[in-house]
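A.B. asks: See model-v3.tsv below, with TSV, C-alpha atoms.
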```tsv
chain	number	residue	atom	x	y	z
A	1	MET	CA	101.63	135.13	67.07
A	2	ALA	CA	102.21	137.30	70.15
A	3	VAL	CA	105.25	135.25	71.23
A	4	ALA	CA	106.68	135.33	67.70
A	5	GLU	CA	106.25	139.07	67.40
A	6	GLU	CA	107.58	139.86	70.89
A	7	SER	CA	110.34	137.16	70.96
A	8	HIS	CA	109.67	137.03	74.68
A	9	PHE	CA	107.13	135.07	76.73
A	10	GLY	CA	106.89	137.73	79.44
A	11	ARG	CA	106.16	140.60	77.05
A	12	ALA	CA	103.76	138.41	75.06
A	13	ALA	CA	101.90	137.51	78.26
A	14	ILE	CA	101.53	141.19	79.20
A	15	ARG	CA	100.26	141.98	75.70
A	16	LEU	CA	97.71	139.18	75.94
A	17	GLY	CA	96.63	140.13	79.44
A	18	MET	CA	97.53	136.76	80.98
A	19	ALA	CA	100.18	135.21	83.21
A	20	GLN	CA	103.36	133.82	81.66
A	21	PRO	CA	103.14	130.17	82.87
A	22	PRO	CA	99.72	129.50	81.23
A	23	LEU	CA	101.01	131.07	78.02
A	24	SER	CA	104.06	128.78	77.99
A	25	GLN	CA	101.81	125.79	78.62
A	26	ARG	CA	99.46	126.72	75.78
A	27	VAL	CA	102.35	127.09	73.33
A	28	GLN	CA	103.71	123.69	74.39
A	29	ARG	CA	100.25	122.16	73.94
A	30	LEU	CA	100.02	123.69	70.46
A	31	GLU	CA	103.43	122.27	69.55
A	32	ARG	CA	102.34	118.80	70.66
A	33	GLU	CA	99.11	119.10	68.67
A	34	LEU	CA	100.88	120.24	65.49
A	35	GLY	CA	103.81	117.85	65.92
A	36	VAL	CA	106.46	120.55	65.28
A	37	ARG	CA	108.59	122.77	67.46
A	38	LEU	CA	107.57	126.42	67.07
A	39	PHE	CA	110.19	128.16	69.27
A	40	GLU	CA	113.71	127.63	70.50
A	41	ARG	CA	113.90	128.70	74.13
A	42	THR	CA	116.92	129.73	76.14
A	43	SER	CA	117.11	131.47	79.48
A	44	ARG	CA	117.60	134.79	77.68
A	45	GLN	CA	115.54	134.70	74.51
A	46	VAL	CA	112.88	132.97	72.46
A	47	THR	CA	113.54	132.40	68.77
A	48	ILE	CA	110.96	131.24	66.29
A	49	THR	CA	111.94	128.07	64.40
A	50	ARG	CA	111.78	127.61	60.63
A	51	ALA	CA	108.61	125.54	61.10
A	52	GLY	CA	107.11	128.35	63.19
A	53	THR	CA	108.02	130.91	60.53
A	54	LEU	CA	106.34	128.83	57.82
A	55	LEU	CA	103.17	128.48	59.91
A	56	LEU	CA	102.97	132.09	61.10
A	57	ASP	CA	101.18	133.49	58.03
A	58	ASP	CA	98.60	130.69	58.22
A	59	ALA	CA	98.13	131.46	61.91
A	60	ARG	CA	97.47	135.13	61.14
A	61	GLU	CA	94.96	134.15	58.46
A	62	LEU	CA	93.17	131.74	60.80
A	63	LEU	CA	92.94	134.38	63.49
A	64	ALA	CA	91.53	136.93	61.05
A	65	ARG	CA	88.95	134.41	59.85
A	66	SER	CA	88.06	133.61	63.44
A	67	GLU	CA	87.42	137.28	64.17
A	68	ALA	CA	85.34	137.59	61.01
A	69	LEU	CA	83.30	134.54	62.06
A	70	ARG	CA	82.64	136.06	65.47
A	71	ALA	CA	81.63	139.38	63.90
A	72	THR	CA	79.21	137.59	61.57
A	73	ALA	CA	77.78	135.65	64.50
A	74	ARG	CA	77.19	138.91	66.37
A	75	ARG	CA	75.37	140.38	63.36
A	76	VAL	CA	73.20	137.26	63.08
A	77	ARG	CA	72.46	137.38	66.80
A	78	ASP	CA	71.48	141.05	66.56
A	79	GLY	CA	69.36	140.53	63.45
A	80	GLU	CA	71.73	142.42	61.16
A	81	SER	CA	72.50	139.51	58.84
A	82	GLY	CA	71.34	135.99	58.22
A	83	LEU	CA	67.81	134.82	57.46
A	84	LEU	CA	64.45	136.25	58.53
A	85	ARG	CA	61.44	133.97	58.01
A	86	ALA	CA	58.38	136.18	57.59
A	87	ALA	CA	54.75	135.68	56.58
A	88	LEU	CA	51.92	137.78	55.15
A	89	PRO	CA	48.24	136.82	54.78
A	90	PRO	CA	46.85	136.23	51.29
A	91	ASP	CA	44.71	139.41	51.27
A	92	ILE	CA	47.65	141.84	51.19
A	93	ALA	CA	47.69	144.04	48.09
A	94	GLY	CA	50.56	143.69	45.64
A	95	GLU	CA	51.63	147.32	46.12
A	96	THR	CA	51.82	146.81	49.88
A	97	LEU	CA	53.86	143.63	49.44
A	98	ALA	CA	56.27	145.43	47.11
A	99	ALA	CA	56.65	148.31	49.59
A	100	ILE	CA	57.46	145.88	52.43
A	101	LEU	CA	60.09	144.06	50.36
A	102	ALA	CA	61.71	147.29	49.16
A	103	GLY	CA	61.71	148.89	52.60
A	104	PHE	CA	63.22	145.87	54.30
A	105	ARG	CA	65.86	145.41	51.61
A	106	GLU	CA	66.87	149.06	51.94
A	107	SER	CA	67.38	148.73	55.70
A	108	HIS	CA	68.83	145.22	55.89
A	109	ALA	CA	70.59	144.31	52.66
A	110	ASP	CA	72.62	141.63	54.49
A	111	VAL	CA	69.53	139.78	55.74
A	112	GLU	CA	67.82	137.27	53.48
A	113	LEU	CA	64.05	137.79	53.77
A	114	GLU	CA	62.22	134.49	53.27
A	115	LEU	CA	58.64	135.67	52.74
A	116	HIS	CA	55.65	133.32	52.60
A	117	GLU	CA	51.90	133.72	52.00
A	118	VAL	CA	50.44	132.12	55.13
A	119	SER	CA	47.07	132.32	56.88
A	120	THR	CA	46.78	133.46	60.48
A	121	THR	CA	46.14	129.94	61.80
A	122	GLN	CA	49.20	128.61	60.01
A	123	GLN	CA	51.32	131.50	61.29
A	124	LEU	CA	50.31	130.81	64.89
A	125	ALA	CA	51.21	127.13	64.43
A	126	GLN	CA	54.59	128.01	62.91
A	127	PHE	CA	55.35	130.41	65.75
A	128	GLY	CA	54.74	127.48	68.09
A	129	THR	CA	57.14	125.21	66.20
A	130	HIS	CA	59.77	127.99	65.80
A	131	ASP	CA	59.48	127.82	62.01
A	132	LEU	CA	58.51	131.49	61.69
A	133	ASP	CA	60.23	134.62	63.00
A	134	VAL	CA	57.64	137.31	62.28
A	135	GLY	CA	54.29	137.63	60.54
A	136	LEU	CA	51.27	139.80	59.86
A	137	ILE	CA	48.19	138.31	61.52
A	138	HIS	CA	44.43	138.93	61.50
A	139	HIS	CA	42.59	139.68	64.71
A	140	PRO	CA	40.83	138.31	66.64
A	141	CYS	CA	43.05	135.31	67.35
A	142	ASP	CA	44.99	133.78	70.22
A	143	VAL	CA	48.05	136.00	70.72
A	144	SER	CA	49.42	134.36	73.86
A	145	GLY	CA	53.21	134.12	73.75
A	146	LEU	CA	53.45	136.84	71.10
A	147	GLU	CA	54.45	140.48	70.97
A	148	LEU	CA	52.59	142.84	68.66
A	149	GLY	CA	53.08	146.00	66.69
A	150	PRO	CA	50.22	148.53	66.48
A	151	VAL	CA	46.85	147.07	65.51
A	152	LEU	CA	45.70	148.61	62.22
A	153	ARG	CA	42.17	148.66	60.82
A	154	ARG	CA	41.49	148.19	57.10
A	155	GLU	CA	37.93	149.08	56.18
A	156	LEU	CA	36.15	146.47	54.06
A	157	GLY	CA	33.87	147.19	51.14
A	158	VAL	CA	31.90	144.78	49.01
A	159	LEU	CA	32.91	143.38	45.64
A	160	LEU	CA	29.83	142.51	43.58
A	161	PRO	CA	28.67	142.02	39.98
A	162	ARG	CA	28.18	145.25	38.08
A	163	ASP	CA	24.59	144.31	37.26
A	164	ALA	CA	23.64	143.75	40.91
A	165	PRO	CA	21.05	146.30	42.14
A	166	ALA	CA	23.31	147.29	45.04
A	167	ALA	CA	26.07	148.24	42.57
A	168	ALA	CA	24.10	151.40	41.76
A	169	LEU	CA	24.52	152.64	45.34
A	170	ASP	CA	27.35	154.89	46.49
A	171	GLU	CA	27.41	153.01	49.81
A	172	VAL	CA	25.94	149.55	50.26
A	173	PRO	CA	24.09	148.53	53.45
A	174	LEU	CA	24.75	144.93	54.38
A	175	SER	CA	20.99	144.35	54.29
A	176	ALA	CA	21.02	145.15	50.54
A	177	LEU	CA	23.06	141.99	49.86
A	178	GLY	CA	20.24	139.59	50.72
A	179	GLY	CA	19.98	136.65	48.33
A	180	TYR	CA	23.66	136.79	47.36
A	181	ASP	CA	26.08	134.05	48.38
A	182	LEU	CA	29.24	135.15	50.18
A	183	VAL	CA	32.76	134.18	49.09
A	184	MET	CA	35.15	133.96	52.05
A	185	PHE	CA	38.37	132.33	53.14
A	186	HIS	CA	38.14	128.90	54.75
A	187	ARG	CA	37.12	129.05	58.39
A	188	ALA	CA	40.18	127.00	59.36
A	189	ASP	CA	42.42	129.86	58.18
A	190	ALA	CA	41.11	132.25	60.88
A	191	PRO	CA	38.17	130.78	62.84
A	192	ALA	CA	37.53	133.71	65.17
A	193	LEU	CA	37.64	136.24	62.33
A	194	PHE	CA	35.38	134.08	60.15
A	195	ASP	CA	32.75	133.83	62.90
A	196	ASP	CA	33.04	137.53	63.75
A	197	LEU	CA	32.39	138.58	60.16
A	198	LEU	CA	29.31	136.36	59.77
A	199	THR	CA	27.93	137.51	63.13
A	200	THR	CA	28.32	141.17	62.12
A	201	CYS	CA	26.61	140.47	58.78
A	202	ALA	CA	23.66	138.79	60.53
A	203	ARG	CA	23.29	141.66	62.99
A	204	ASN	CA	23.12	144.07	60.07
A	205	GLY	CA	20.48	142.17	58.10
A	206	TYR	CA	22.56	139.97	55.80
A	207	THR	CA	22.61	136.19	56.12
A	208	PRO	CA	24.10	134.66	52.96
A	209	PRO	CA	22.26	131.62	51.57
A	210	THR	CA	25.60	129.88	51.04
A	211	VAL	CA	29.15	130.63	52.10
A	212	ARG	CA	31.53	129.69	49.31
A	213	HIS	CA	35.26	129.37	49.89
A	214	GLY	CA	37.97	130.94	47.76
A	215	GLN	CA	41.33	132.57	48.24
A	216	GLY	CA	43.03	133.29	44.93
A	217	VAL	CA	41.90	136.54	43.31
A	218	THR	CA	40.99	134.97	39.97
A	219	PHE	CA	39.00	132.18	41.62
A	220	VAL	CA	37.11	134.59	43.89
A	221	HIS	CA	36.26	136.89	40.99
A	222	GLY	CA	35.04	133.92	38.97
A	223	LEU	CA	32.73	132.81	41.77
A	224	ILE	CA	31.28	136.30	42.09
A	225	MET	CA	30.54	136.51	38.39
A	226	ALA	CA	29.21	132.98	37.95
A	227	ALA	CA	27.42	132.18	41.20
A	228	LYS	CA	25.49	135.35	42.12
A	229	ALA	CA	27.88	136.01	44.98
A	230	VAL	CA	29.69	138.87	46.69
A	231	ALA	CA	32.93	139.15	48.64
A	232	PHE	CA	34.31	141.62	51.17
A	233	SER	CA	37.68	143.22	50.53
A	234	PRO	CA	39.64	146.40	51.23
A	235	LYS	CA	39.66	148.93	48.41
A	236	ASP	CA	43.38	148.43	47.80
A	237	VAL	CA	42.83	144.85	46.61
A	238	ALA	CA	39.73	145.58	44.50
A	239	PRO	CA	40.05	144.82	40.76
A	240	ALA	CA	41.34	147.68	38.65
A	241	GLN	CA	38.80	149.35	36.37
A	242	GLY	CA	39.40	150.37	32.78
A	243	PRO	CA	39.67	154.02	31.67
A	244	ASP	CA	35.89	154.17	31.21
A	245	GLY	CA	35.25	152.66	34.64
A	246	GLU	CA	33.78	149.52	33.11
A	247	GLY	CA	34.36	145.99	34.35
A	248	ALA	CA	32.44	142.86	35.28
A	249	LEU	CA	32.85	143.61	38.99
A	250	VAL	CA	32.59	146.76	41.06
A	251	TRP	CA	33.75	147.65	44.58
A	252	ARG	CA	31.55	149.73	46.84
A	253	PRO	CA	32.08	150.91	50.43
A	254	LEU	CA	29.74	149.52	53.07
A	255	ALA	CA	27.34	151.96	54.74
A	256	GLY	CA	28.44	152.66	58.29
A	257	SER	CA	31.77	150.81	57.84
A	258	PRO	CA	30.62	147.76	59.83
A	259	LEU	CA	33.37	145.41	58.65
A	260	ALA	CA	37.15	145.68	58.77
A	261	TRP	CA	40.29	143.62	58.86
A	262	ARG	CA	42.41	144.25	61.93
A	263	HIS	CA	46.08	143.47	61.40
A	264	SER	CA	49.23	143.66	63.43
A	265	VAL	CA	52.75	142.39	63.00
A	266	ALA	CA	53.47	139.62	65.52
A	267	TRP	CA	56.57	137.78	66.69
A	268	PRO	CA	57.47	135.38	69.53
A	269	ARG	CA	57.85	137.06	72.89
A	270	GLY	CA	61.49	137.81	73.63
A	271	ARG	CA	62.53	137.87	69.95
A	272	SER	CA	63.27	141.57	69.51
A	273	ASP	CA	66.30	141.77	67.24
A	274	LYS	CA	66.83	144.51	64.67
A	275	ALA	CA	65.59	142.51	61.67
A	276	VAL	CA	62.25	141.72	63.36
A	277	ALA	CA	61.85	145.33	64.50
A	278	THR	CA	62.61	146.60	61.01
A	279	PHE	CA	60.13	144.22	59.37
A	280	ALA	CA	57.46	145.28	61.88
A	281	ASP	CA	58.11	148.95	61.21
A	282	VAL	CA	58.25	148.57	57.42
A	283	ALA	CA	55.06	146.47	57.27
A	284	THR	CA	53.18	148.85	59.57
A	285	ARG	CA	54.19	151.89	57.51
A	286	ALA	CA	53.28	150.14	54.25
A	287	LEU	CA	49.81	149.30	55.58
A	288	ARG	CA	49.28	152.79	56.95
A	289	ARG	CA	50.00	154.28	53.55
A	290	SER	CA	46.88	152.55	52.24
A	291	GLU	CA	43.93	154.92	52.17
A	292	THR	CA	41.74	152.23	53.77
A	293	VAL	CA	43.91	151.83	56.86
A	294	SER	CA	43.64	153.67	60.15
A	295	ALA	CA	45.19	153.09	63.54
A	296	ASP	CA	42.90	150.93	65.65
A	297	LEU	CA	45.08	151.52	68.71
A	298	PRO	CA	47.80	154.08	69.47
A	299	ALA	CA	51.17	153.35	67.94
A	300	ARG	CA	53.74	152.01	70.40
A	301	PRO	CA	57.39	150.92	70.19
A	302	LEU	CA	57.50	147.88	67.95
A	303	HIS	CA	60.05	145.71	69.70
A	304	LEU	CA	59.28	145.54	73.40
A	305	ARG	CA	55.50	145.34	73.78
A	306	PRO	CA	53.84	142.08	74.94
A	307	ALA	CA	50.64	141.20	73.13
A	308	ALA	CA	48.61	141.40	76.33
A	309	GLU	CA	49.15	145.17	76.54
A	310	TYR	CA	47.10	145.67	73.39
A	311	TRP	CA	44.15	143.59	74.48
A	312	LEU	CA	43.61	144.35	78.18
```
Turn this file's structure into structure tokens for me.

C.D. replies:
Amino acid sequence: MAVAEESHFGRAAIRLGMAQPPLSQRVQRLERELGVRLFERTSRQVTITRAGTLLLDDARELLARSEALRATARRVRDGESGLLRAALPPDIAGETLAAILAGFRESHADVELELHEVSTTQQLAQFGTHDLDVGLIHHPCDVSGLELGPVLRRELGVLLPRDAPAAALDEVPLSALGGYDLVMFHRADAPALFDDLLTTCARNGYTPPTVRHGQGVTFVHGLIMAAKAVAFSPKDVAPAQGPDGEGALVWRPLAGSPLAWRHSVAWPRGRSDKAVATFADVATRALRRSETVSADLPARPLHLRPAAEYWL
């Protein structure tokens, strides 16, 4: 293109910022590859051939597409377009999920957000196999090799049958739940968190006769109603009450706030592109808007902090 537009190898070489002999060699190599002669050369001038004229528009189009490809690659590299594989735990409220999706879409319309409902254990495994770019994890867990956003605390209350004696209390001590089974996630989903919750319950006078496992909201609520059981949950995922406040289940805060989820956005160390940083910021802000969330640790920049800095 430069030689055709300049009709001179010397001027074309200057325009391209290269020496003339390599330019002549590259044009000759291109002619051999295409099997046609592109230029007629004399000692005084260079004239494009008919074949060269017919191919020139295609050459311009190819060059434009090449530049567009490189620009797209740069946006993908910088997290401005492409695909972001993200995960949230099952206990996130629907309103929070909607806020995360809307906030990310507003900031990165060119990035496809592939969002999955995944437990902490599964997220850690997928980080290890490079099948996940960013996720919201429960603490405590092994965060080696990860970077974290701020750790946020979501206070837990108790979800219990309306006819349970403790339901009449404004705040429920853990010791008042004696005799009730406890519905929890499977230990394999977050072993350290599972053990930490049961240890805290025991220290505060509550040892459930049986720990039942459930994850889906409908299933958990059914177990509570049918099996003389309770479950711990943040207020933002408690079942909605009717206009008269009636319902089979009620949510009550725990006296002394002994239990809480601790969340933070996590991503593999060294992965700090714009899409990851935006997801971390949007998810953190969506969680903070919940009335049951407070900062467990001071907020820090979301894209350059190793996990170890939050736990030393």

A.B. asks: For Glu31 (chain A), which residue among A:Leu55, A:Ala12, A:Leu124, A:Val46 is the nearest when counting only C-alpha atoms?

C.D. replies: A:Leu55

A.B. asks: Smallest atom-to-atom distance to Leu88 (chain A): which of A:His263, A:Arg252, A:Arg154, A:Arg285, using all atoms listed in the file?

C.D. replies: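 The closest residue to Leu88 (chain A) is A:His263.
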
A.B. asks: Which protein, DNA or RNA residues have an atom at most 7 Å from (31.7, 144.2, 34.2), counting all atoms listed in the file? List them as a compact mmCIF listing (two decimals) with C-alpha atoms, in the coordinates of the input.

C.D. replies:
```txt
# COMPACT_ATOMS: atom_id res chain seq x y z
CA PRO A 161 28.67 142.02 39.98
CA ARG A 162 28.18 145.25 38.08
CA GLU A 246 33.78 149.52 33.11
CA GLY A 247 34.36 145.99 34.35
CA ALA A 248 32.44 142.86 35.28
CA LEU A 249 32.85 143.61 38.99
```

A.B. asks: From the list A:Leu177, A:Leu169, A:Met184, A:Val27, which residue is nearest Ala202 (chain A) when using only C-alpha atoms?

C.D. replies: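 Under the stated criterion, the closest residue is A:Leu177.
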
A.B. asks: In terms of the shortest atom-to-atom distance over all atoms listed in the file, which of A:Val111, A:Arg85, A:Val158, A:Trp261 is closest to Leu132 (chain A)?

C.D. replies: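 Among the listed residues, the smallest separation from Leu132 (chain A) belongs to A:Arg85.
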
A.B. asks: Extract, using all atoms listed in the file, all DNA, RNA and protein residues at most 10 Å from region 196-200 of chain A, discarding same-chain residues fewer than 3 positions from it, and format them as a list in words.

C.D. replies: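 Listing them by chain and then by number gives His139, Pro140, Leu174, Leu182, Met184, Pro191, Ala192, Leu193, Arg203, Asn204, Gly205, Tyr206, Thr207, Pro208, Val211, Phe232, Pro258, Leu259, Ala260 and Trp261 of chain A.
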
A.B. asks: Go through A:Ile224, A:Val250, A:Val134, A:Val183 one by one, measure the shortest atom-to-atom distance of each to Arg212 (chain A) using all atoms listed in the file, and give the residue with the smallest value.

C.D. replies: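 So, comparing all the options, the nearest one is A:Val183.
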
A.B. asks: Using CA of Ala190 (chain A) and CA of Ser119 (chain A) as the two end points, give the distance in Å to one decimal.

C.D. replies: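 A separation of 7.2 Å between them.
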
A.B. asks: From the set A:Ala125, A:Val3, A:Val220, A:Val282, which residue has the shortest atom-to-atom contact distance to Ser264 (chain A), counting only C-alpha atoms?

C.D. replies: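 Selected residue with least distance to Ser264 (chain A): A:Val282.
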
A.B. asks: Record the distance separating CA of Val172 (chain A) and CA of Leu160 (chain A), expressed in Å with one decimal.

C.D. replies: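 CA of Leu160 (chain A) lies at a distance of 10.5 Å from CA of Val172 (chain A).
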
A.B. asks: Grab the CA of Pro21 (chain A) to CA of Arg41 (chain A) distance for me, in Å with one decimal place.

C.D. replies: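 Result for CA of Pro21 (chain A) versus CA of Arg41 (chain A): 13.9 Å, one decimal.
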
A.B. asks: What's the 10 Å shell around Gly10 (chain A), counting all atoms listed in the file, without same-chain residues fewer than 5 positions away, as number ranges by chain?

C.D. replies: A: 3, 15-16, 18-21, 23-24

A.B. asks: Just the residues within 6 Å of Pro234 (chain A), please, counting all atoms listed in the file, with nothing from its chain fewer than 2 positions along; format it as a list in words.

C.D. replies: Glu155, Leu156, Gly157, Asp236 and Val237 of chain A
